Structures are given as C-alpha cells and as structure tokens.
Amino acid sequence: MNTEQLRIIRNGERVTPTFSAAELDRRLAGLRRHMGEAGIEAVVFTSIHNINYFSDFLYTSFGRPYALVVTQDASTSVSANIDAGQPWRRTHGDNLVYTDWQRDNYVRAVQRLVGTAKRIGIEHDHINLDMRAKFGDALPAASFVDISKATMAQRMVKSAEEIAVIRNGARIADIGGAACREAIAEGVGEHEVALHATGAMVREIARTYPHAELMDTWTWFQSGINTDGAHNPVTSRRLRKGDILSLNCFPMIAGYYTALERTLFLDHCDDASLKLWEANVAVHERGLELIRPGVRCCDIVAELNEMFAERGLLQYRTFGYGHSFGVLCHYYGREAGLELREDIETVLAPGMVISMEPMIMLPEGMPGAGGYREHDILVVGADGAENLTKFPYGPAHNIVKG
C-alpha cells in the first residue's frame, strides 16, 4: 500500500501566469515587509483569496484544506494529492502535496514548511476552530497572530497589472450584458437568458486570456418578484410583458471578480415603476460623482442617504452603496474595509477600485414592486475616478421591446 504522507509532483511545464513574476514578487515583498515589522517569521494562508493573491494559484477545496506558507525565504503552496501537478504548474513559488493516506497529512505539510518559526501569521477571519486547534497541537512552541487585516489593506490598492485585468473584466461584463439583452423576450426562462450571457463571457475570457483556467463566471438574471434580492439565484420563471428585470453578469478572470448590474423592463414600464427607477438612477449618478480620492466612504453614504430620504425611499434601501473589487467572489472573500457603508471610514485613494450600486426594493403589493439596482465599476485616480462600465443604464435604454 502507498503510505506516503507528502509528495512533490512537478508534472509538465509551468503555465503562462496571469501576472508577471515582478508583480507577484512585489506582493510578496509587501507582505514580507509587514512580517518583519510585526516580528512574524512565517505566514500560513488558508483562504482562497490570499492564496490566489500571493501565488496566482486558485484552489477548489471540495472539503480539503489548502495553504500557502510564506517565510522570508520561500513561498510554497500546500495542495491535495487529488490535484496532482496542477497547483505546482500554477503556483508562483514552490508546491508541496499531501496525501489522504493518513489523517492530518495537511497539518504535517504545514508543520514542515513552518519549521522552527515561533510567531506565525494566520487568517482569523478564515481559519476554523478545528484547524486552529490542530495547528496549535502541531506547533506547541509557536504563537499565532492575525494577518488578515494587514493583507486586506494591501489588496485594497491595486497595481497597474491588476487594474488591467479588472478593466478587461468590466469590458467582458458589458459583453455579457449585451447577450442578456438580446435573449430577453416574452416567455423565455430566466435560466435561458443567463446561460446565453455566461456563454458569451466565457468565450471572451478564453479569447482574451488563452492560458487562463475558465471557472466561476456566472450570471444572475432575475425577473418579477425574484428581483427583490441582489443575490437571488436564477430560476426557470418565464418572462412576462411589464416585468421588472435585473441583469447581473459576473466574469471571473483568475479569481478577479467584476460585475455589471442593470434594471430593465420587458415591453413597458408603468408610471409608479418609472418614478422609482428614475429615483434610483439619480442616486446612482450622484454616487458616481462623489467617488474621488480623499473622500471617506461613510461620507458618500451620508449624502446618498439624504437623497433617498428626500424622496421618501430610504427605508427601501437594501445594502451599502458599493464595494471593492479584485480577488473576491461570493464563493470566498471580500475586502470589507473598502465598502460604501455607514460604518466604514476608509479614505478613497488612487489605485482603489470600487463600485457604485444603489438599490431599493419595494415589496409585493406596493406600486412599482421589485428591486431596482444599477452598478458601475470605478478606478480611483489622482484627481478623480474612471468609470470602466460602458453598458447604458436607465429607462431611455433598458425598456426591452418584446
């Protein structure tokens, strides 16, 4: 019987990475500076987003744990034997494989890579209690400190290479939006519209990034009552004339999430709905103007809240007005320190990428019932912000005849 605990599997050749070696070395250098300042000898990342950010490897868990162990001298991903050589081909750095032949071989891999380190950084917002206890048992002489907030702050400011990927993502989201729009017709199921949009985006990602892994791109296309939640899954509901519609396209490029979200109506829009839609568009447009360097997130929120309050709609607002972009997704992390919410005092700075996405929701039984949402992606620059989203919004463009 094969009883190996750990393996090296260097199968094939390294693939063309998403980012240059210089870009990934820059990220690791920033992490190592923080490690030196905080007296951290080794970091054990467990989350998809940080492992991806610092190594360019995007793992799929299926119940197995993964890691990236970073010291001042090395950076090594830890992956399951089921993935064979793919993690090594994708990792900027080295790779160590653990097998399923004994329980906790994963912990043994981490233990080997950490070595004699006495102060170890871990992600308090990701590691579970069971794994934290196992790390403590395997490394009894070590102390563990949180690394998640420092790495989040690092990820919040994007490099030129990251912004180039996000720019392409926004362009591809617009392609998905156009595909959505052309598929909308009376009697068509939400799922059919979504499939058409997702296919268009995946094909464009493959064309633009021929060496990329194609995973996680999706579309939420909602109609009628299904528009009440921003994250409501696609259903097989058939579209009807007069329906409020919500288009949500999410191309994923190597773990980098981008989005396009738009309100539409099929065939016609009644007066009550039109008034609500125009109100949300007005808030959206003012929000686009407010995103610029030197402005606090909470101050943007305060002004937009006033606009909704003046229209008697503040109680129908459903969530914050925007969030950061980069390595994030509904499957894994988000940069909670860069969100347009009342409790976030982060000051916008050049290199940050953030959305403007106001939403109001009127419950069933009220005139204009449904969820209204527009969503653009902006890159904060030295003097203002660039809007990467080009797909048109509002009643003049998005009442689809059919």
# chains A, B, ... in the order shown; residues from 1 in each chain; ligands from 1
>>> residues_around(residues="Pro293 of chain A", least_positions_apart="5", cutoff="12 Å", atoms="only C-alpha atoms", output="PyMOL selection string")
chain A and resi 300+346-354+378-386
>>> closest_atom_pairs(of="segment 208-316 of chain A", to="segment 387-391 of chain A", cutoff="12 Å", atoms="only C-alpha atoms", output="Markdown table")
| residue | atom | partner | partner_atom | distance |
| --- | --- | --- | --- | --- |
| A:Leu247 | CA | A:Phe391 | CA | 11.2 |
| A:Asn248 | CA | A:Phe391 | CA | 11.9 |
| A:Cys249 | CA | A:Phe391 | CA | 11.4 |
| A:Thr258 | CA | A:Thr389 | CA | 10.0 |
| A:Ala259 | CA | A:Thr389 | CA | 8.9 |
| A:Leu260 | CA | A:Thr389 | CA | 7.4 |
| A:Glu261 | CA | A:Phe391 | CA | 9.3 |
| A:Arg262 | CA | A:Phe391 | CA | 8.7 |
| A:Thr263 | CA | A:Phe391 | CA | 11.6 |
| A:Glu285 | CA | A:Asn387 | CA | 11.4 |
| A:Gly287 | CA | A:Asn387 | CA | 11.7 |
| A:Leu288 | CA | A:Asn387 | CA | 8.1 |
| A:Glu289 | CA | A:Asn387 | CA | 10.2 |
| A:Ile291 | CA | A:Asn387 | CA | 9.9 |
| A:Arg292 | CA | A:Asn387 | CA | 11.2 |
>>> residues_around(residues="Ile40 of chain A", least_positions_apart="2", cutoff="10 Å", atoms="only C-alpha atoms", output="MDAnalysis selection string")
chainID A and resid 32:38 42:43 71:72 117:121 143:145 147
>>> write_last_selection(atoms="all heavy atoms", output="short mmCIF file (atom, residue, chain, number, x, y, z; two decimals), in the first residue's frame")
data_model
loop_
_atom_site.label_atom_id
_atom_site.label_comp_id
_atom_site.auth_asym_id
_atom_site.auth_seq_id
_atom_site.Cartn_x
_atom_site.Cartn_y
_atom_site.Cartn_z
N ARG A 32 6.21 40.59 3.18
CA ARG A 32 7.40 40.34 4.00
C ARG A 32 7.83 41.57 4.77
O ARG A 32 8.37 41.46 5.88
CB ARG A 32 8.52 39.80 3.11
CG ARG A 32 8.27 38.35 2.69
CD ARG A 32 9.23 37.86 1.63
NE ARG A 32 9.05 36.42 1.40
CZ ARG A 32 9.14 35.84 0.22
NH1 ARG A 32 9.40 36.57 -0.87
NH2 ARG A 32 8.96 34.53 0.11
N ARG A 33 7.60 42.75 4.22
CA ARG A 33 7.88 43.97 4.99
C ARG A 33 7.02 44.00 6.25
O ARG A 33 7.51 44.31 7.35
CB ARG A 33 7.62 45.21 4.14
CG ARG A 33 8.73 45.57 3.21
CD ARG A 33 8.58 46.98 2.65
NE ARG A 33 7.35 47.15 1.91
CZ ARG A 33 7.21 46.89 0.61
NH1 ARG A 33 8.25 46.41 -0.07
NH2 ARG A 33 6.07 47.09 -0.01
N HIS A 34 5.75 43.69 6.09
CA HIS A 34 4.87 43.66 7.25
C HIS A 34 5.30 42.58 8.23
O HIS A 34 5.29 42.81 9.45
CB HIS A 34 3.42 43.42 6.83
CG HIS A 34 2.49 43.22 7.99
ND1 HIS A 34 2.06 44.26 8.79
CD2 HIS A 34 1.94 42.09 8.53
CE1 HIS A 34 1.29 43.80 9.74
NE2 HIS A 34 1.21 42.48 9.61
N MET A 35 5.67 41.42 7.73
CA MET A 35 6.13 40.35 8.61
C MET A 35 7.32 40.80 9.44
O MET A 35 7.40 40.56 10.66
CB MET A 35 6.50 39.11 7.77
CG MET A 35 5.31 38.41 7.14
SD MET A 35 5.81 37.17 5.88
CE MET A 35 6.71 35.99 6.91
N GLY A 36 8.27 41.49 8.78
CA GLY A 36 9.44 41.97 9.51
C GLY A 36 9.09 42.99 10.58
O GLY A 36 9.60 42.94 11.70
N GLU A 37 8.18 43.90 10.23
CA GLU A 37 7.78 44.94 11.19
C GLU A 37 7.02 44.34 12.37
O GLU A 37 7.12 44.84 13.50
CB GLU A 37 6.90 45.98 10.48
CG GLU A 37 7.66 46.80 9.44
CD GLU A 37 6.73 47.55 8.51
OE1 GLU A 37 5.49 47.39 8.66
OE2 GLU A 37 7.23 48.26 7.62
N ALA A 38 6.24 43.28 12.12
CA ALA A 38 5.42 42.68 13.17
C ALA A 38 6.10 41.50 13.86
O ALA A 38 5.51 40.88 14.75
CB ALA A 38 4.09 42.21 12.56
N ALA A 42 6.67 33.40 9.91
CA ALA A 42 6.03 32.63 8.83
C ALA A 42 4.55 32.97 8.81
O ALA A 42 3.96 33.29 9.86
CB ALA A 42 6.21 31.13 9.05
N VAL A 43 3.97 32.92 7.63
CA VAL A 43 2.53 33.13 7.46
C VAL A 43 1.94 31.88 6.83
O VAL A 43 2.50 31.33 5.87
CB VAL A 43 2.24 34.35 6.57
CG1 VAL A 43 0.77 34.41 6.19
CG2 VAL A 43 2.64 35.64 7.28
N THR A 71 7.58 32.46 4.14
CA THR A 71 8.62 32.90 5.06
C THR A 71 9.42 33.99 4.36
O THR A 71 9.10 34.38 3.22
CB THR A 71 9.54 31.73 5.44
OG1 THR A 71 10.23 31.29 4.26
CG2 THR A 71 8.73 30.57 6.03
N GLN A 72 10.47 34.48 5.00
CA GLN A 72 11.30 35.49 4.35
C GLN A 72 12.06 34.93 3.17
O GLN A 72 12.52 35.68 2.31
CB GLN A 72 12.27 36.11 5.36
CG GLN A 72 11.61 37.01 6.39
CD GLN A 72 10.99 38.26 5.79
OE1 GLN A 72 11.27 38.65 4.66
NE2 GLN A 72 10.09 38.90 6.54
N ALA A 117 9.68 28.32 13.20
CA ALA A 117 9.10 29.65 13.42
C ALA A 117 8.32 29.70 14.73
O ALA A 117 7.55 28.79 15.03
CB ALA A 117 8.20 30.03 12.26
N LYS A 118 8.52 30.76 15.48
CA LYS A 118 7.86 30.89 16.78
C LYS A 118 6.68 31.86 16.76
O LYS A 118 5.86 31.85 17.67
CB LYS A 118 8.87 31.38 17.83
CG LYS A 118 10.00 30.38 18.11
CD LYS A 118 9.45 29.10 18.71
CE LYS A 118 10.56 28.16 19.17
NZ LYS A 118 11.30 27.58 18.02
N ARG A 119 6.62 32.71 15.75
CA ARG A 119 5.50 33.67 15.64
C ARG A 119 4.94 33.53 14.23
O ARG A 119 5.63 33.84 13.25
CB ARG A 119 5.99 35.09 15.92
CG ARG A 119 4.87 36.14 15.99
CD ARG A 119 5.46 37.47 16.47
NE ARG A 119 4.56 38.58 16.30
CZ ARG A 119 3.60 38.94 17.14
NH1 ARG A 119 3.42 38.24 18.26
NH2 ARG A 119 2.85 39.99 16.91
N ILE A 120 3.69 33.07 14.15
CA ILE A 120 3.11 32.67 12.87
C ILE A 120 1.83 33.46 12.60
O ILE A 120 0.96 33.56 13.47
CB ILE A 120 2.80 31.15 12.89
CG1 ILE A 120 4.09 30.35 13.12
CG2 ILE A 120 2.12 30.72 11.59
CD1 ILE A 120 3.86 28.88 13.36
N GLY A 121 1.73 34.00 11.40
CA GLY A 121 0.52 34.71 11.00
C GLY A 121 -0.50 33.77 10.40
O GLY A 121 -0.16 32.93 9.57
N SER A 143 3.45 30.98 18.72
CA SER A 143 2.29 31.83 18.98
C SER A 143 1.71 32.25 17.63
O SER A 143 2.43 32.36 16.63
CB SER A 143 2.69 33.07 19.78
OG SER A 143 3.63 33.87 19.07
N PHE A 144 0.40 32.46 17.61
CA PHE A 144 -0.31 32.76 16.37
C PHE A 144 -0.93 34.15 16.44
O PHE A 144 -1.55 34.51 17.45
CB PHE A 144 -1.39 31.71 16.11
CG PHE A 144 -0.85 30.33 15.90
CD1 PHE A 144 -0.61 29.48 16.98
CD2 PHE A 144 -0.55 29.87 14.62
CE1 PHE A 144 -0.11 28.20 16.79
CE2 PHE A 144 -0.04 28.60 14.42
CZ PHE A 144 0.19 27.76 15.50
N VAL A 145 -0.75 34.93 15.37
CA VAL A 145 -1.29 36.30 15.31
C VAL A 145 -2.07 36.46 14.01
O VAL A 145 -1.85 35.75 13.02
CB VAL A 145 -0.17 37.36 15.38
CG1 VAL A 145 0.56 37.26 16.72
CG2 VAL A 145 0.82 37.19 14.24
N ILE A 147 -3.22 37.89 10.53
CA ILE A 147 -2.61 38.53 9.36
C ILE A 147 -3.66 39.07 8.40
O ILE A 147 -3.35 39.78 7.44
CB ILE A 147 -1.67 37.54 8.64
CG1 ILE A 147 -0.73 38.24 7.65
CG2 ILE A 147 -2.47 36.45 7.91
CD1 ILE A 147 0.37 39.03 8.31
#
>>> closest_residue(among="A:Arg167, A:Arg14, A:His268, A:His49", to="Gly93 of chain A", atoms="only C-alpha atoms")
A:Arg14
>>> atom_distance(atom1="atom CA of Tyr393 of chain A", atom2="atom CA of Glu374 of chain A")
7.0 Å
>>> select_by_dssp(residues="segment 97-257 of chain A", states="alpha helix (DSSP H)", output="MDAnalysis selection string")
chainID A and resid 105:114 129:138 148:156 160:183 190:208
>>> residues_around(residues="Cys180 of chain A", least_positions_apart="2", cutoff="10 Å", atoms="only C-alpha atoms", output="list in words")
Asp174, Ile175, Gly176, Gly177, Ala178, Glu182, Ala183, Ile184, Glu190, Glu192, Val193, Ala194, Leu195, His196, Ala197, Thr198, Ala200, Thr219, Phe221, Leu247, Asn248 and Cys249 of chain A
>>> write_last_selection(atoms="N, CA and C atoms", output="PDB file, in the first residue's frame")
ATOM      1  N   ASP A 174     -19.749  43.834 -19.862  1.00  0.00           N
ATOM      2  CA  ASP A 174     -20.610  44.549 -20.822  1.00  0.00           C
ATOM      3  C   ASP A 174     -21.042  43.629 -21.967  1.00  0.00           C
ATOM      4  N   ILE A 175     -20.142  42.756 -22.399  1.00  0.00           N
ATOM      5  CA  ILE A 175     -20.495  41.783 -23.441  1.00  0.00           C
ATOM      6  C   ILE A 175     -21.582  40.845 -22.920  1.00  0.00           C
ATOM      7  N   GLY A 176     -21.444  40.408 -21.683  1.00  0.00           N
ATOM      8  CA  GLY A 176     -22.483  39.577 -21.086  1.00  0.00           C
ATOM      9  C   GLY A 176     -23.808  40.303 -20.995  1.00  0.00           C
ATOM     10  N   GLY A 177     -23.751  41.597 -20.667  1.00  0.00           N
ATOM     11  CA  GLY A 177     -24.984  42.381 -20.602  1.00  0.00           C
ATOM     12  C   GLY A 177     -25.675  42.477 -21.944  1.00  0.00           C
ATOM     13  N   ALA A 178     -24.892  42.671 -22.997  1.00  0.00           N
ATOM     14  CA  ALA A 178     -25.472  42.739 -24.341  1.00  0.00           C
ATOM     15  C   ALA A 178     -26.108  41.402 -24.724  1.00  0.00           C
ATOM     16  N   GLU A 182     -30.129  40.691 -25.605  1.00  0.00           N
ATOM     17  CA  GLU A 182     -30.619  40.129 -26.859  1.00  0.00           C
ATOM     18  C   GLU A 182     -31.437  38.858 -26.651  1.00  0.00           C
ATOM     19  N   ALA A 183     -31.280  38.212 -25.486  1.00  0.00           N
ATOM     20  CA  ALA A 183     -32.018  36.975 -25.203  1.00  0.00           C
ATOM     21  C   ALA A 183     -33.363  37.226 -24.532  1.00  0.00           C
ATOM     22  N   ILE A 184     -33.597  38.462 -24.078  1.00  0.00           N
ATOM     23  CA  ILE A 184     -34.829  38.780 -23.355  1.00  0.00           C
ATOM     24  C   ILE A 184     -36.018  38.810 -24.311  1.00  0.00           C
ATOM     25  N   GLU A 190     -35.741  32.618 -17.208  1.00  0.00           N
ATOM     26  CA  GLU A 190     -34.577  33.324 -16.657  1.00  0.00           C
ATOM     27  C   GLU A 190     -33.289  32.556 -16.957  1.00  0.00           C
ATOM     28  N   GLU A 192     -32.478  30.603 -19.368  1.00  0.00           N
ATOM     29  CA  GLU A 192     -32.026  30.658 -20.751  1.00  0.00           C
ATOM     30  C   GLU A 192     -31.293  31.970 -21.028  1.00  0.00           C
ATOM     31  N   VAL A 193     -31.809  33.050 -20.479  1.00  0.00           N
ATOM     32  CA  VAL A 193     -31.131  34.343 -20.629  1.00  0.00           C
ATOM     33  C   VAL A 193     -29.759  34.292 -19.968  1.00  0.00           C
ATOM     34  N   ALA A 194     -29.707  33.737 -18.759  1.00  0.00           N
ATOM     35  CA  ALA A 194     -28.451  33.655 -18.015  1.00  0.00           C
ATOM     36  C   ALA A 194     -27.422  32.796 -18.737  1.00  0.00           C
ATOM     37  N   LEU A 195     -27.849  31.666 -19.262  1.00  0.00           N
ATOM     38  CA  LEU A 195     -26.917  30.786 -19.967  1.00  0.00           C
ATOM     39  C   LEU A 195     -26.319  31.471 -21.197  1.00  0.00           C
ATOM     40  N   HIS A 196     -27.136  32.222 -21.904  1.00  0.00           N
ATOM     41  CA  HIS A 196     -26.655  32.932 -23.093  1.00  0.00           C
ATOM     42  C   HIS A 196     -25.585  33.946 -22.710  1.00  0.00           C
ATOM     43  N   ALA A 197     -25.816  34.676 -21.639  1.00  0.00           N
ATOM     44  CA  ALA A 197     -24.850  35.694 -21.191  1.00  0.00           C
ATOM     45  C   ALA A 197     -23.566  35.056 -20.699  1.00  0.00           C
ATOM     46  N   THR A 198     -23.680  34.003 -19.906  1.00  0.00           N
ATOM     47  CA  THR A 198     -22.490  33.353 -19.364  1.00  0.00           C
ATOM     48  C   THR A 198     -21.629  32.777 -20.478  1.00  0.00           C
ATOM     49  N   ALA A 200     -21.352  33.826 -23.537  1.00  0.00           N
ATOM     50  CA  ALA A 200     -20.672  34.917 -24.243  1.00  0.00           C
ATOM     51  C   ALA A 200     -19.456  35.394 -23.454  1.00  0.00           C
ATOM     52  N   THR A 219     -23.996  34.228 -14.298  1.00  0.00           N
ATOM     53  CA  THR A 219     -24.985  35.296 -14.485  1.00  0.00           C
ATOM     54  C   THR A 219     -26.175  35.026 -13.579  1.00  0.00           C
ATOM     55  N   PHE A 221     -29.832  36.332 -13.620  1.00  0.00           N
ATOM     56  CA  PHE A 221     -30.842  37.124 -14.319  1.00  0.00           C
ATOM     57  C   PHE A 221     -32.167  36.888 -13.616  1.00  0.00           C
ATOM     58  N   LEU A 247     -30.430  42.387 -14.456  1.00  0.00           N
ATOM     59  CA  LEU A 247     -29.331  41.766 -15.192  1.00  0.00           C
ATOM     60  C   LEU A 247     -28.079  41.839 -14.327  1.00  0.00           C
ATOM     61  N   ASN A 248     -27.435  40.688 -14.073  1.00  0.00           N
ATOM     62  CA  ASN A 248     -26.248  40.645 -13.208  1.00  0.00           C
ATOM     63  C   ASN A 248     -25.225  39.714 -13.845  1.00  0.00           C
ATOM     64  N   CYS A 249     -24.191  40.279 -14.455  1.00  0.00           N
ATOM     65  CA  CYS A 249     -23.170  39.497 -15.154  1.00  0.00           C
ATOM     66  C   CYS A 249     -21.857  39.557 -14.387  1.00  0.00           C
TER      67      CYS A 249
END
>>> decode(residues="segment 140-163 of chain A", atoms="N, CA, C and O atoms", output="mmCIF file, in the first residue's frame")
data_model
loop_
_atom_site.group_PDB
_atom_site.id
_atom_site.type_symbol
_atom_site.label_atom_id
_atom_site.label_comp_id
_atom_site.auth_asym_id
_atom_site.auth_seq_id
_atom_site.Cartn_x
_atom_site.Cartn_y
_atom_site.Cartn_z
ATOM 1 N N PRO A 140 3.422 23.514 19.170
ATOM 2 C CA PRO A 140 3.141 23.965 20.535
ATOM 3 C C PRO A 140 4.015 25.112 21.009
ATOM 4 O O PRO A 140 3.629 25.847 21.934
ATOM 5 N N ALA A 141 5.179 25.288 20.409
ATOM 6 C CA ALA A 141 6.081 26.358 20.846
ATOM 7 C C ALA A 141 5.786 27.687 20.154
ATOM 8 O O ALA A 141 6.395 28.712 20.485
ATOM 9 N N ALA A 142 4.860 27.683 19.192
ATOM 10 C CA ALA A 142 4.591 28.883 18.399
ATOM 11 C C ALA A 142 3.423 29.674 18.966
ATOM 12 O O ALA A 142 2.514 29.129 19.583
ATOM 13 N N SER A 143 3.452 30.981 18.718
ATOM 14 C CA SER A 143 2.295 31.834 18.975
ATOM 15 C C SER A 143 1.706 32.251 17.633
ATOM 16 O O SER A 143 2.428 32.360 16.629
ATOM 17 N N PHE A 144 0.395 32.463 17.614
ATOM 18 C CA PHE A 144 -0.306 32.761 16.366
ATOM 19 C C PHE A 144 -0.926 34.153 16.440
ATOM 20 O O PHE A 144 -1.550 34.512 17.450
ATOM 21 N N VAL A 145 -0.750 34.934 15.366
ATOM 22 C CA VAL A 145 -1.285 36.296 15.307
ATOM 23 C C VAL A 145 -2.074 36.459 14.009
ATOM 24 O O VAL A 145 -1.848 35.751 13.021
ATOM 25 N N ASP A 146 -2.995 37.412 14.011
ATOM 26 C CA ASP A 146 -3.848 37.618 12.843
ATOM 27 C C ASP A 146 -3.098 38.364 11.747
ATOM 28 O O ASP A 146 -2.418 39.358 12.007
ATOM 29 N N ILE A 147 -3.220 37.887 10.529
ATOM 30 C CA ILE A 147 -2.610 38.531 9.364
ATOM 31 C C ILE A 147 -3.660 39.067 8.401
ATOM 32 O O ILE A 147 -3.352 39.785 7.444
ATOM 33 N N SER A 148 -4.937 38.761 8.635
ATOM 34 C CA SER A 148 -5.974 39.024 7.629
ATOM 35 C C SER A 148 -6.190 40.507 7.380
ATOM 36 O O SER A 148 -6.395 40.918 6.229
ATOM 37 N N LYS A 149 -6.169 41.336 8.422
ATOM 38 C CA LYS A 149 -6.446 42.769 8.221
ATOM 39 C C LYS A 149 -5.322 43.446 7.465
ATOM 40 O O LYS A 149 -5.550 44.312 6.612
ATOM 41 N N ALA A 150 -4.087 43.057 7.748
ATOM 42 C CA ALA A 150 -2.950 43.656 7.044
ATOM 43 C C ALA A 150 -2.956 43.277 5.569
ATOM 44 O O ALA A 150 -2.689 44.119 4.694
ATOM 45 N N THR A 151 -3.270 42.034 5.272
ATOM 46 C CA THR A 151 -3.280 41.627 3.867
ATOM 47 C C THR A 151 -4.468 42.229 3.130
ATOM 48 O O THR A 151 -4.364 42.550 1.939
ATOM 49 N N MET A 152 -5.594 42.406 3.819
ATOM 50 C CA MET A 152 -6.730 43.066 3.185
ATOM 51 C C MET A 152 -6.353 44.488 2.782
ATOM 52 O O MET A 152 -6.662 44.948 1.676
ATOM 53 N N ALA A 153 -5.676 45.197 3.679
ATOM 54 C CA ALA A 153 -5.259 46.566 3.372
ATOM 55 C C ALA A 153 -4.320 46.583 2.171
ATOM 56 O O ALA A 153 -4.398 47.488 1.325
ATOM 57 N N GLN A 154 -3.451 45.595 2.063
ATOM 58 C CA GLN A 154 -2.549 45.524 0.914
ATOM 59 C C GLN A 154 -3.322 45.280 -0.373
ATOM 60 O O GLN A 154 -3.048 45.904 -1.404
ATOM 61 N N ARG A 155 -4.309 44.395 -0.330
ATOM 62 C CA ARG A 155 -5.065 44.063 -1.538
ATOM 63 C C ARG A 155 -5.960 45.203 -2.001
ATOM 64 O O ARG A 155 -6.352 45.251 -3.173
ATOM 65 N N MET A 156 -6.317 46.108 -1.100
ATOM 66 C CA MET A 156 -7.265 47.170 -1.438
ATOM 67 C C MET A 156 -6.723 48.150 -2.476
ATOM 68 O O MET A 156 -7.488 48.783 -3.203
ATOM 69 N N VAL A 157 -5.410 48.326 -2.538
ATOM 70 C CA VAL A 157 -4.800 49.225 -3.520
ATOM 71 C C VAL A 157 -4.234 48.368 -4.648
ATOM 72 O O VAL A 157 -3.326 47.572 -4.446
ATOM 73 N N LYS A 158 -4.783 48.547 -5.837
ATOM 74 C CA LYS A 158 -4.448 47.684 -6.963
ATOM 75 C C LYS A 158 -3.240 48.209 -7.736
ATOM 76 O O LYS A 158 -3.020 49.416 -7.840
ATOM 77 N N SER A 159 -2.493 47.281 -8.325
ATOM 78 C CA SER A 159 -1.377 47.629 -9.203
ATOM 79 C C SER A 159 -1.893 47.873 -10.615
ATOM 80 O O SER A 159 -3.055 47.589 -10.937
ATOM 81 N N ALA A 160 -0.993 48.345 -11.471
ATOM 82 C CA ALA A 160 -1.377 48.566 -12.873
ATOM 83 C C ALA A 160 -1.788 47.248 -13.534
ATOM 84 O O ALA A 160 -2.734 47.216 -14.337
ATOM 85 N N GLU A 161 -1.093 46.146 -13.209
ATOM 86 C CA GLU A 161 -1.449 44.859 -13.807
ATOM 87 C C GLU A 161 -2.823 44.387 -13.332
ATOM 88 O O GLU A 161 -3.600 43.832 -14.117
ATOM 89 N N GLU A 162 -3.122 44.606 -12.069
ATOM 90 C CA GLU A 162 -4.444 44.226 -11.563
ATOM 91 C C GLU A 162 -5.539 45.053 -12.227
ATOM 92 O O GLU A 162 -6.586 44.522 -12.610
ATOM 93 N N ILE A 163 -5.308 46.349 -12.346
ATOM 94 C CA ILE A 163 -6.319 47.224 -12.952
ATOM 95 C C ILE A 163 -6.546 46.832 -14.413
ATOM 96 O O ILE A 163 -7.678 46.895 -14.914
#
